[in-house]
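Since the structure comes first, as structure tokens, the remarks are kept for the end.
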Amino acid sequence: MENSVDISVEFAGLRLSNPVFTASGTCGYAKELGVFIDMNRLGGFITKSITAEPRMGNATPRIVETDSGMLNAIGLANIGVERFVLERLGELAEMKAAVFVNIAGQTVEEYVKLAERLAGEGAIAGFELNISCPNVKQGGITFGTDPGQVREITSAVKAASGDKALMVKLTPSVTDISAIARAAVDGGADALSLVNTFTAMVIDIKTRRPILANRTGGLSGPAIKPIAVYMVNKVYSEVAKERKIPILGMGGIRNASDAIEFIIAGASAVAVGTGSFVQPGCTERIVDGIGRYCSENGIAHVGELVGSLAV
Amino acid sequence: MEERTSGCAGKGVFEAVVVSNRQIGDTFWKVVLEFSGEGAEAFGGFQPGQFVQLDASEAQLPPADKIPEELADAAQRDILLRRPFSFTDVTRHGNKVAAELLYCVVGPATLRMTTLKTRSKVSIVGPLGNGFSPPEGKKLVLLVFGGMGTAPIQHVGKALMTGEKKNDIQIVAFAGAKTRRGLPFEKLTDEISEQLGFSIREFARFGMESMIATDDGSAGYHGLVTDCFTEWLKDNKIDASSTIIYSCGPEPMLSAVAKIAKERGIACEVSMERRMACGMGLCQSCAIECRVEGSDETVYKMCCEDGPIFDAQEVVFGH
């Protein structure tokens, strides 16, 4: 059905078979989701956040469900960059999807070191700079809310990234997301990914305590989708379109219709996170559904849809 | 029981058909799910102690007058995530596999599950996690469990008593609950003995002795199941080296069982529980703090992939 249409995309200098990614932190290091889907059908894959040293992550409870969404406060639990290279990169090298490694740190130097360490690895197509994690005390979101720091960290990591594409992941927990997006582009970002989760809290009214051990967590899932679509459109029309920087849109995508909304809003590609927890096969169905939509609507190439919002 | 498997290769997303769904006592329900085709192949290899993730988001809420008052607010909440359950029994019927799932109505998902109709379809992800280790070289298996913790324990007990080594082992079960209402059994004999007997039909059927303890004394032993268990251990001479304990229930209970096992040098496995988003190793929510052998360090293991069955001495309890 999608034979007649072209759903491949050009993204940050990479040619992807389709615009569907898995979002960081929602599919482990790939093998875990690979049990349920053919990972080669994805356009892109983003690892969970990798830090210089291994991190145990936060105490439990780390998640709580809310209306049409969930809060998580995992705390960047990961095996650290050296074990990641040794144990996980091999599997990723065999994947057809473009592999982005999400990197996180507490200082600019730490991000730079991570990029330097990984820049020579052939299995990696690019980095996603995590400056928007709401669940760690240092680093993460504290970088991502200040345009000056965003520009500084982006340009420092870009200089250390060699030929790898650099995508900067933005937090929605700011007054003007376009100002942050502009700073990332000024710093040399090749792509922007948005939105990360919204800082949120759920309280147990019996104990009057927050349910999450971390007190707050990041809200994801269908509950955030309309805000995420709005923010993608805002960044597209105020920054990305003019600067010719692709957006990876995400926030509550569960099916092809959701994905197409983001593309119309201005995303060149989309990422699925929480949706895979419920329906591990949803990314494959989204790839098929985008092709079907294009075919049914006489769209020869999915690129024609990007930012096609009628106003 | 076959070899314990970790990260079962046959796991996937399967559609199950509801065979029956009925209430057991005041608070518990039992739904029987049937798998065919690839689902039957996958669940034919389901090990006692493994679990599944059930999607109840499409099930209807019961009519307003059937919703308990304490759940009226929760009932208004949409559900997004699947819910983890273990099975109380898995049986093969020709080329189909039937699985019995025990649940307790506690929130919006389990409330919806009560309306699942015979012949309706449910999406199940599984089999997930590991199972209880086969009791290699053990002659006595002690089952200590509370409330909803009955599910995997009932399964492991039956699997052992109908398996190849049924003549080589003796099983004694200790069931605990706050009150008689908290015991998820079909029919309890009118007079529940404080003594070890055959008061729980689900266990007696397969030749397992059983004993009940309730915190309020409304059935069986008056007190905690762990106290009841400790008294039994005092009264009965057992050979620790040929004994194993399987336990499932609230974490303070598991912690107490682990302590008893350690003091007496008895092998012990516990079935752990955590809030989970995916159950498949994707989200890393269900961390369990575990000791590293030969060091003071601890690490987080994942309840869904490394467990839910853990060696009792490995787990750092306290959640």
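We name chains A, B, ... following the order of the structure tokens; residues begin at 1 in each chain, and ligands are numbered from 1 as shown.
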Residues of chain B within 10 Å of chain A: nearest atom pair and distance (Å, one decimal) for each, counting only C-alpha atoms, sorted by chain and number, as JSON lines?
```
{"residue": "B:Gly7", "atom": "CA", "partner": "A:Glu32", "partner_atom": "CA", "distance": 9.8}
{"residue": "B:Ala9", "atom": "CA", "partner": "A:Val35", "partner_atom": "CA", "distance": 8.0}
{"residue": "B:Gly10", "atom": "CA", "partner": "A:Val35", "partner_atom": "CA", "distance": 8.9}
{"residue": "B:Lys11", "atom": "CA", "partner": "A:Val35", "partner_atom": "CA", "distance": 7.6}
{"residue": "B:Gly12", "atom": "CA", "partner": "A:Phe36", "partner_atom": "CA", "distance": 5.9}
{"residue": "B:Val13", "atom": "CA", "partner": "A:Phe36", "partner_atom": "CA", "distance": 7.5}
{"residue": "B:Gln53", "atom": "CA", "partner": "A:Val278", "partner_atom": "CA", "distance": 9.0}
{"residue": "B:Leu54", "atom": "CA", "partner": "A:Val278", "partner_atom": "CA", "distance": 9.4}
{"residue": "B:Asp55", "atom": "CA", "partner": "A:Val278", "partner_atom": "CA", "distance": 7.6}
{"residue": "B:Ser57", "atom": "CA", "partner": "A:Val278", "partner_atom": "CA", "distance": 9.9}
{"residue": "B:Gln76", "atom": "CA", "partner": "A:Asp67", "partner_atom": "CA", "distance": 9.1}
{"residue": "B:Arg77", "atom": "CA", "partner": "A:Asp67", "partner_atom": "CA", "distance": 5.7}
{"residue": "B:Asp78", "atom": "CA", "partner": "A:Asp67", "partner_atom": "CA", "distance": 5.4}
{"residue": "B:Ile79", "atom": "CA", "partner": "A:Ser68", "partner_atom": "CA", "distance": 6.4}
{"residue": "B:Leu80", "atom": "CA", "partner": "A:Ser68", "partner_atom": "CA", "distance": 5.6}
{"residue": "B:Leu81", "atom": "CA", "partner": "A:Val278", "partner_atom": "CA", "distance": 5.6}
{"residue": "B:Arg82", "atom": "CA", "partner": "A:Val278", "partner_atom": "CA", "distance": 6.0}
{"residue": "B:Arg83", "atom": "CA", "partner": "A:Val278", "partner_atom": "CA", "distance": 9.7}
{"residue": "B:Ser123", "atom": "CA", "partner": "A:Gln279", "partner_atom": "CA", "distance": 9.3}
{"residue": "B:Val125", "atom": "CA", "partner": "A:Gln279", "partner_atom": "CA", "distance": 9.0}
{"residue": "B:Arg274", "atom": "CA", "partner": "A:Pro61", "partner_atom": "CA", "distance": 7.4}
{"residue": "B:Arg275", "atom": "CA", "partner": "A:Pro61", "partner_atom": "CA", "distance": 6.3}
{"residue": "B:Met276", "atom": "CA", "partner": "A:Ile63", "partner_atom": "CA", "distance": 7.0}
{"residue": "B:Ala277", "atom": "CA", "partner": "A:Phe277", "partner_atom": "CA", "distance": 6.4}
{"residue": "B:Cys278", "atom": "CA", "partner": "A:Phe277", "partner_atom": "CA", "distance": 4.5}
{"residue": "B:Gly279", "atom": "CA", "partner": "A:Phe277", "partner_atom": "CA", "distance": 8.0}
{"residue": "B:Met280", "atom": "CA", "partner": "A:Glu32", "partner_atom": "CA", "distance": 6.9}
{"residue": "B:Gly281", "atom": "CA", "partner": "A:Glu32", "partner_atom": "CA", "distance": 6.0}
{"residue": "B:Leu282", "atom": "CA", "partner": "A:Cys27", "partner_atom": "CA", "distance": 4.4}
{"residue": "B:Cys283", "atom": "CA", "partner": "A:Thr26", "partner_atom": "CA", "distance": 5.2}
{"residue": "B:Gln284", "atom": "CA", "partner": "A:Ile74", "partner_atom": "CA", "distance": 6.8}
{"residue": "B:Ser285", "atom": "CA", "partner": "A:Arg62", "partner_atom": "CA", "distance": 5.2}
{"residue": "B:Cys286", "atom": "CA", "partner": "A:Thr60", "partner_atom": "CA", "distance": 7.2}
{"residue": "B:Ala287", "atom": "CA", "partner": "A:Thr60", "partner_atom": "CA", "distance": 6.5}
{"residue": "B:Ile288", "atom": "CA", "partner": "A:Thr60", "partner_atom": "CA", "distance": 8.1}
{"residue": "B:Glu289", "atom": "CA", "partner": "A:Ala59", "partner_atom": "CA", "distance": 8.6}
{"residue": "B:Thr298", "atom": "CA", "partner": "A:Met56", "partner_atom": "CA", "distance": 9.4}
{"residue": "B:Val299", "atom": "CA", "partner": "A:Met56", "partner_atom": "CA", "distance": 6.8}
{"residue": "B:Tyr300", "atom": "CA", "partner": "A:Met56", "partner_atom": "CA", "distance": 6.2}
{"residue": "B:Lys301", "atom": "CA", "partner": "A:Met56", "partner_atom": "CA", "distance": 9.3}
{"residue": "B:Glu305", "atom": "CA", "partner": "A:Glu32", "partner_atom": "CA", "distance": 9.7}
{"residue": "B:His319", "atom": "CA", "partner": "A:Thr60", "partner_atom": "CA", "distance": 7.8}
```
Which neighbours of range 174-176 of chain A fall inside 12 Å, counting only C-alpha atoms, when residues of the same chain fewer than 2 positions from it are skipped, and could you give them as a ChimeraX atom specification?
-> /A:132,134,141-147,170-172,178-183,195-199,231,234-235,238-239
Please return as number ranges by chain: the residues of range 15-193 of chain B that backbone DSSP assigns to strand (DSSP E).
-> B: 15-24, 28-35, 51-55, 83-85, 87-93, 96-104, 121-128, 140-146, 170-177
Got a sec to tell me which of range 145-311 of chain A DSSP assigns to helix (DSSP H, G or I), as a ChimeraX atom specification?
-> /A:147-160,177-186,222-243,256-265,274-278,282-296,302-305
The distance between CA of Glu209 in chain B and CA of Gln170 in chain B is 8.7 Å
Tell me, as a ChimeraX atom specification, which residues lie within 12 Å of Thr118 in chain B, counting only C-alpha atoms; anything in the same chain fewer than 4 positions away does not count.
-> /B:16-22,31-34,113-114,122
Just write the chosen residues, C-alpha atoms, as an mmCIF file, in the first residue's frame.
```cif
data_model
loop_
_atom_site.group_PDB
_atom_site.id
_atom_site.type_symbol
_atom_site.label_atom_id
_atom_site.label_comp_id
_atom_site.auth_asym_id
_atom_site.auth_seq_id
_atom_site.Cartn_x
_atom_site.Cartn_y
_atom_site.Cartn_z
ATOM 1 C CA ALA B 16 -6.758 -14.394 24.922
ATOM 2 C CA VAL B 17 -10.424 -15.342 25.000
ATOM 3 C CA VAL B 18 -12.322 -15.077 28.283
ATOM 4 C CA VAL B 19 -13.761 -18.482 29.223
ATOM 5 C CA SER B 20 -15.286 -17.385 32.529
ATOM 6 C CA ASN B 21 -15.065 -14.511 34.971
ATOM 7 C CA ARG B 22 -16.607 -14.884 38.383
ATOM 8 C CA VAL B 31 -10.970 -14.968 35.202
ATOM 9 C CA VAL B 32 -10.063 -17.937 33.025
ATOM 10 C CA LEU B 33 -8.274 -16.988 29.807
ATOM 11 C CA GLU B 34 -7.772 -19.269 26.840
ATOM 12 C CA MET B 113 -11.987 -6.448 34.620
ATOM 13 C CA THR B 114 -15.126 -7.539 36.476
ATOM 14 C CA VAL B 122 -8.177 -9.476 26.100
#
```
CA of Thr216 in chain A to CA of Val292 in chain B, distance in Å rounded to a single decimal = 29.3 Å
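Here CA of Ala310 in chain A is placed at a distance of 20.6 Å from CA of Ile245 in chain A.
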Which one is closest to Lys121 in chain B: B:Cys228, B:Ile260, B:Leu61, B:Ala56? Count only C-alpha atoms.
-> B:Ala56
If we count only C-alpha atoms, what is near range 102-107 of chain B at a cut-off of 7 Å, once residues fewer than 5 positions away on the same chain are taken out, given as an mmCIF file with N, CA and C atoms, in the first residue's frame?
```
data_model
loop_
_atom_site.group_PDB
_atom_site.id
_atom_site.type_symbol
_atom_site.label_atom_id
_atom_site.label_comp_id
_atom_site.auth_asym_id
_atom_site.auth_seq_id
_atom_site.Cartn_x
_atom_site.Cartn_y
_atom_site.Cartn_z
ATOM 1 N N THR B 27 -14.243 -10.215 47.892
ATOM 2 C CA THR B 27 -13.337 -9.248 47.278
ATOM 3 C C THR B 27 -12.560 -9.773 46.071
ATOM 4 N N PHE B 28 -12.574 -11.079 45.869
ATOM 5 C CA PHE B 28 -11.727 -11.626 44.815
ATOM 6 C C PHE B 28 -12.537 -12.093 43.610
ATOM 7 N N TRP B 29 -11.847 -12.113 42.473
ATOM 8 C CA TRP B 29 -12.419 -12.601 41.228
ATOM 9 C C TRP B 29 -11.429 -13.538 40.569
ATOM 10 N N LYS B 30 -11.961 -14.396 39.735
ATOM 11 C CA LYS B 30 -11.092 -15.292 38.973
ATOM 12 C C LYS B 30 -11.559 -15.274 37.532
ATOM 13 N N VAL B 31 -10.641 -14.934 36.621
ATOM 14 C CA VAL B 31 -10.970 -14.968 35.202
ATOM 15 C C VAL B 31 -10.131 -16.065 34.549
ATOM 16 N N LEU B 71 -14.420 3.081 45.717
ATOM 17 C CA LEU B 71 -13.745 3.129 44.417
ATOM 18 C C LEU B 71 -14.423 4.087 43.443
ATOM 19 N N ALA B 74 -11.935 6.639 42.022
ATOM 20 C CA ALA B 74 -10.941 5.965 41.167
ATOM 21 C C ALA B 74 -11.566 5.499 39.860
ATOM 22 N N ALA B 75 -12.851 5.148 39.913
ATOM 23 C CA ALA B 75 -13.532 4.646 38.716
ATOM 24 C C ALA B 75 -13.597 5.691 37.611
ATOM 25 N N PHE B 87 -0.482 -16.128 37.399
ATOM 26 C CA PHE B 87 -1.580 -17.081 37.247
ATOM 27 C C PHE B 87 -1.626 -18.038 38.437
ATOM 28 N N THR B 88 -2.821 -18.532 38.745
ATOM 29 C CA THR B 88 -2.931 -19.548 39.797
ATOM 30 C C THR B 88 -2.849 -20.946 39.194
ATOM 31 N N ALA B 151 -1.670 -16.306 44.448
ATOM 32 C CA ALA B 151 -1.716 -16.726 43.048
ATOM 33 C C ALA B 151 -0.521 -17.565 42.578
#
```
Quick one: everything within 10 Å of Met148 in chain B, counting only C-alpha atoms, minus sequence neighbours fewer than 2 positions away in the same chain. Send it as JSON, numbers by chain.
-> {"B": [28, 85, 86, 102, 103, 104, 145, 146, 150, 151, 152, 153, 176, 177, 182, 183, 184, 248, 249, 250]}
If you keep C-alpha atoms, can you produce a file of those selected residues as a PDB file, in the first residue's frame?
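So the final result, stored in result_5.pdb, reads:
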```
ATOM      1  CA  PHE B  28     -11.727 -11.626  44.815  1.00  0.00           C
ATOM      2  CA  PHE B  85      -0.764 -10.468  37.240  1.00  0.00           C
ATOM      3  CA  SER B  86       0.503 -13.963  37.861  1.00  0.00           C
ATOM      4  CA  LEU B 102      -6.898 -14.293  40.368  1.00  0.00           C
ATOM      5  CA  TYR B 103      -7.562 -10.621  40.989  1.00  0.00           C
ATOM      6  CA  CYS B 104      -8.786  -8.357  43.708  1.00  0.00           C
ATOM      7  CA  PHE B 145       1.921 -16.431  51.457  1.00  0.00           C
ATOM      8  CA  GLY B 146      -0.573 -13.690  52.087  1.00  0.00           C
ATOM      9  CA  THR B 150      -1.717 -16.762  46.854  1.00  0.00           C
ATOM     10  CA  ALA B 151      -1.716 -16.726  43.048  1.00  0.00           C
ATOM     11  CA  PRO B 152       1.798 -17.829  42.047  1.00  0.00           C
ATOM     12  CA  ILE B 153       2.124 -19.972  45.187  1.00  0.00           C
ATOM     13  CA  GLY B 176      -2.269 -15.519  55.741  1.00  0.00           C
ATOM     14  CA  ALA B 177      -4.661 -12.594  55.543  1.00  0.00           C
ATOM     15  CA  GLY B 182      -8.934 -11.596  52.614  1.00  0.00           C
ATOM     16  CA  LEU B 183      -8.490 -15.283  51.802  1.00  0.00           C
ATOM     17  CA  PRO B 184      -8.927 -15.834  48.066  1.00  0.00           C
ATOM     18  CA  CYS B 248       4.721 -14.272  48.060  1.00  0.00           C
ATOM     19  CA  GLY B 249       2.806 -11.466  49.737  1.00  0.00           C
ATOM     20  CA  PRO B 250       3.229  -8.039  51.311  1.00  0.00           C
TER      21      PRO B 250
END
```
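Candidate residues B:Ala59, B:Cys303, B:Ala99, B:Met161 were compared for distance to Arg112 in chain B, and the nearest is B:Ala59, using only C-alpha atoms.
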